[in-house]
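Input: a single structure, listed below in structure tokens.
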Amino acid sequence: MKLTIKILKGEEYIVETTEDSTIQQIKEEIEKKSAIPVEHQKLLLVGKALTDEKTVASYGNISDGTKLTLVVKKPDPLRDVIFRHFKRFLQEEQQSQQLTDKFMDDFEQKMLYQLSLDDLEKISTEMLAKKGQNV
């Protein structure tokens with residue numbers, strides 16, 4: 001089946017899919033055609049967001065020729081991502097905020113932007129481990 005993907009900027013793409021395909025797989029096909037990263041995509045059908053894990057068939061109202069709307073989400077600022085990461089592991093929001101502030105200070109002072117994402121993950125994991133020892 002062919003689905004038409006309409007991007008709010010005005011572009012349209014045709015994606016070939018099956019009823020067994022997941023929304024995630026459709027997003028991956030869109031990424032190949034448009035270079036829009038999957039994590040920045042939000043697919044809508046009649047104004048309702050589609051869930052990545054669900055299949056085309058599970059929606060019932062998606063068939064050959066259906067038009068889906070693609071909304072491109074802006075990436076989260078680094079501070080927000082770091083805060084959410086710390087908040088997952090710490091009970092108190094204030095602790096998460098303090099660690100986020102410390103991380104961002106270190107990031108700016110030591111020019112961590114030159115490091116890979118793996119390096120940044122290692123640093124944040126070490127900070128969490130040290131914080132756990134100090135509690």
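Letters A, B, ... mark the chains of the structure tokens in the order given; residue numbers begin at 1 per chain; ligand numbers begin at 1, in order shown.
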Exercise: A:Thr55 partners within 12 Å, only C-alpha atoms, chain neighbours under 5 positions left out, as a list in words: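 Near A:Thr55, the qualifying residues are Thr17, Thr18, Glu19, Asp20, Ser21, Thr22, Ile23, Gln24, Gln25, Ile26, Leu50, Gly60, Asn61 and Ile62 of chain A.
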Skipping near chain neighbours, those fewer than 3 positions away, what residues fall within 7 Å of A:Ile5 using only C-alpha atoms, listed as an mmCIF file with N, CA and C atoms, in the first residue's frame?
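Everything below was put into around_36.cif:
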```
data_model
loop_
_atom_site.group_PDB
_atom_site.id
_atom_site.type_symbol
_atom_site.label_atom_id
_atom_site.label_comp_id
_atom_site.auth_asym_id
_atom_site.auth_seq_id
_atom_site.Cartn_x
_atom_site.Cartn_y
_atom_site.Cartn_z
ATOM 1 N N GLU A 12 5.735 16.615 -0.058
ATOM 2 C CA GLU A 12 5.011 15.361 0.070
ATOM 3 C C GLU A 12 5.911 14.215 -0.364
ATOM 4 N N TYR A 13 5.765 13.090 0.317
ATOM 5 C CA TYR A 13 6.508 11.882 -0.020
ATOM 6 C C TYR A 13 5.522 10.724 -0.075
ATOM 7 N N ILE A 14 5.799 9.784 -0.965
ATOM 8 C CA ILE A 14 5.025 8.551 -1.035
ATOM 9 C C ILE A 14 5.873 7.461 -0.378
ATOM 10 N N LYS A 67 -3.481 9.862 3.578
ATOM 11 C CA LYS A 67 -2.524 10.946 3.788
ATOM 12 C C LYS A 67 -2.241 11.081 5.280
ATOM 13 N N LEU A 68 -0.965 11.045 5.625
ATOM 14 C CA LEU A 68 -0.528 11.295 6.999
ATOM 15 C C LEU A 68 0.196 12.630 7.014
ATOM 16 N N THR A 69 0.074 13.337 8.110
ATOM 17 C CA THR A 69 0.774 14.609 8.269
ATOM 18 C C THR A 69 2.011 14.387 9.119
ATOM 19 N N LEU A 70 3.127 14.924 8.671
ATOM 20 C CA LEU A 70 4.378 14.820 9.418
ATOM 21 C C LEU A 70 4.702 16.170 10.043
#
```
A:Thr100: which residues within 8 Å, counting only C-alpha atoms, same-chain residues fewer than 2 positions away excluded, as JSON, numbers by chain? {"A": [79, 82, 83, 86, 96, 97, 98, 102, 103, 104]}
For the selection just defined, write its residues with N, CA, C and O atoms to a file, as a compact mmCIF listing (two decimals), in the first residue's frame.
```txt
# COMPACT_ATOMS: atom_id res chain seq x y z
N ARG A 79 20.38 21.20 27.93
CA ARG A 79 20.06 21.33 29.36
C ARG A 79 18.84 20.50 29.73
O ARG A 79 18.83 19.79 30.73
N ILE A 82 19.73 16.70 29.66
CA ILE A 82 20.57 16.36 30.82
C ILE A 82 19.70 16.32 32.08
O ILE A 82 19.80 15.39 32.89
N PHE A 83 18.84 17.30 32.26
CA PHE A 83 17.97 17.35 33.44
C PHE A 83 17.07 16.11 33.51
O PHE A 83 16.96 15.47 34.55
N PHE A 86 19.12 13.03 34.61
CA PHE A 86 19.39 13.01 36.05
C PHE A 86 18.10 12.73 36.84
O PHE A 86 18.12 11.99 37.82
N SER A 96 18.48 17.06 40.95
CA SER A 96 18.61 16.95 39.50
C SER A 96 18.99 18.30 38.90
O SER A 96 19.85 18.39 38.02
N GLN A 97 18.36 19.35 39.40
CA GLN A 97 18.65 20.69 38.89
C GLN A 97 20.08 21.10 39.23
O GLN A 97 20.79 21.67 38.41
N GLN A 98 20.53 20.80 40.46
CA GLN A 98 21.89 21.14 40.87
C GLN A 98 22.92 20.41 40.01
O GLN A 98 23.91 21.00 39.57
N LYS A 102 25.63 22.00 37.41
CA LYS A 102 27.05 21.66 37.51
C LYS A 102 27.56 21.10 36.18
O LYS A 102 28.62 21.48 35.69
N PHE A 103 26.78 20.20 35.61
CA PHE A 103 27.17 19.61 34.32
C PHE A 103 27.31 20.69 33.26
O PHE A 103 28.28 20.71 32.49
N MET A 104 26.34 21.59 33.18
CA MET A 104 26.37 22.64 32.16
C MET A 104 27.55 23.58 32.38
O MET A 104 28.19 24.02 31.42
```
Would you pick out the contacts of A:Pro37 at 9 Å or less, using only C-alpha atoms, so that residues sharing its chain but fewer than 6 positions from it are not included, and give the list as a list in words? Lys27, Glu28, Ile30 and Glu31 of chain A
Next, the residues of the selection above should be written as a PDB file, in the first residue's frame with all heavy atoms.
```pdb
ATOM      1  N   LYS A  27       8.438   5.782   9.704  1.00  0.00           N
ATOM      2  CA  LYS A  27       9.299   6.926   9.998  1.00  0.00           C
ATOM      3  C   LYS A  27      10.719   6.701   9.453  1.00  0.00           C
ATOM      4  O   LYS A  27      11.356   7.630   8.965  1.00  0.00           O
ATOM      5  CB  LYS A  27       9.350   7.193  11.500  1.00  0.00           C
ATOM      6  CG  LYS A  27       8.082   7.799  12.056  1.00  0.00           C
ATOM      7  CD  LYS A  27       8.228   8.038  13.546  1.00  0.00           C
ATOM      8  CE  LYS A  27       7.028   8.733  14.134  1.00  0.00           C
ATOM      9  NZ  LYS A  27       7.216   9.028  15.568  1.00  0.00           N
ATOM     10  N   GLU A  28      11.194   5.476   9.543  1.00  0.00           N
ATOM     11  CA  GLU A  28      12.522   5.160   9.014  1.00  0.00           C
ATOM     12  C   GLU A  28      12.562   5.343   7.499  1.00  0.00           C
ATOM     13  O   GLU A  28      13.551   5.837   6.952  1.00  0.00           O
ATOM     14  CB  GLU A  28      12.923   3.735   9.409  1.00  0.00           C
ATOM     15  CG  GLU A  28      13.206   3.605  10.896  1.00  0.00           C
ATOM     16  CD  GLU A  28      13.271   2.168  11.400  1.00  0.00           C
ATOM     17  OE1 GLU A  28      13.146   1.221  10.575  1.00  0.00           O
ATOM     18  OE2 GLU A  28      13.442   1.985  12.623  1.00  0.00           O
ATOM     19  N   ILE A  30      10.643   7.437   5.857  1.00  0.00           N
ATOM     20  CA  ILE A  30      10.581   8.887   5.661  1.00  0.00           C
ATOM     21  C   ILE A  30      11.973   9.491   5.834  1.00  0.00           C
ATOM     22  O   ILE A  30      12.382  10.367   5.058  1.00  0.00           O
ATOM     23  CB  ILE A  30       9.572   9.540   6.641  1.00  0.00           C
ATOM     24  CG1 ILE A  30       8.150   9.063   6.329  1.00  0.00           C
ATOM     25  CG2 ILE A  30       9.677  11.066   6.595  1.00  0.00           C
ATOM     26  CD1 ILE A  30       7.134   9.416   7.394  1.00  0.00           C
ATOM     27  N   GLU A  31      12.710   9.010   6.827  1.00  0.00           N
ATOM     28  CA  GLU A  31      14.062   9.517   7.060  1.00  0.00           C
ATOM     29  C   GLU A  31      14.940   9.290   5.829  1.00  0.00           C
ATOM     30  O   GLU A  31      15.715  10.170   5.446  1.00  0.00           O
ATOM     31  CB  GLU A  31      14.686   8.853   8.285  1.00  0.00           C
ATOM     32  CG  GLU A  31      16.091   9.362   8.585  1.00  0.00           C
ATOM     33  CD  GLU A  31      16.674   8.768   9.858  1.00  0.00           C
ATOM     34  OE1 GLU A  31      16.270   7.645  10.250  1.00  0.00           O
ATOM     35  OE2 GLU A  31      17.541   9.420  10.452  1.00  0.00           O
TER      36      GLU A  31
END
```
Write down as a ChimeraX atom specification the residues belonging to stretch 8-134 of chain A that are assigned helix (DSSP H, G or I) by DSSP computed on the backbone. /A:23-34,38-40,56-59,78-89,93-110,112-114,117-134
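Those residues of stretch 16-111 of chain A that DSSP, working from the backbone, places in strand (DSSP E) are Glu16, Gln41, Lys42, Leu43, Leu44, Leu45, Lys48, Ala49, Lys67, Leu68, Thr69, Leu70, Val71 and Val72 of chain A.
Between A:Gln95 and the residues A:Ser34, A:Gly132, A:Gln109, A:Val71, the shortest atom-to-atom distance, using only C-alpha atoms, involves A:Gly132.
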Which residue of A:Asp106, A:Val81, A:Tyr59, A:Pro75 approaches A:Ile36 most closely, using only C-alpha atoms: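 Distance minimum relative to A:Ile36 lands on A:Pro75.
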Check the smallest atom-to-atom distance from each of A:Leu45, A:Leu128, A:Leu3, A:Leu120 to A:Arg88 using only C-alpha atoms, then report the winner.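 Of all the options, A:Leu128 lies closest to A:Arg88.
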Which is closer to A:Thr66 than all the others in A:Leu44, A:Ala49, A:Ile123, A:Leu8, using only C-alpha atoms?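 Selected residue with least distance to A:Thr66: A:Leu44.
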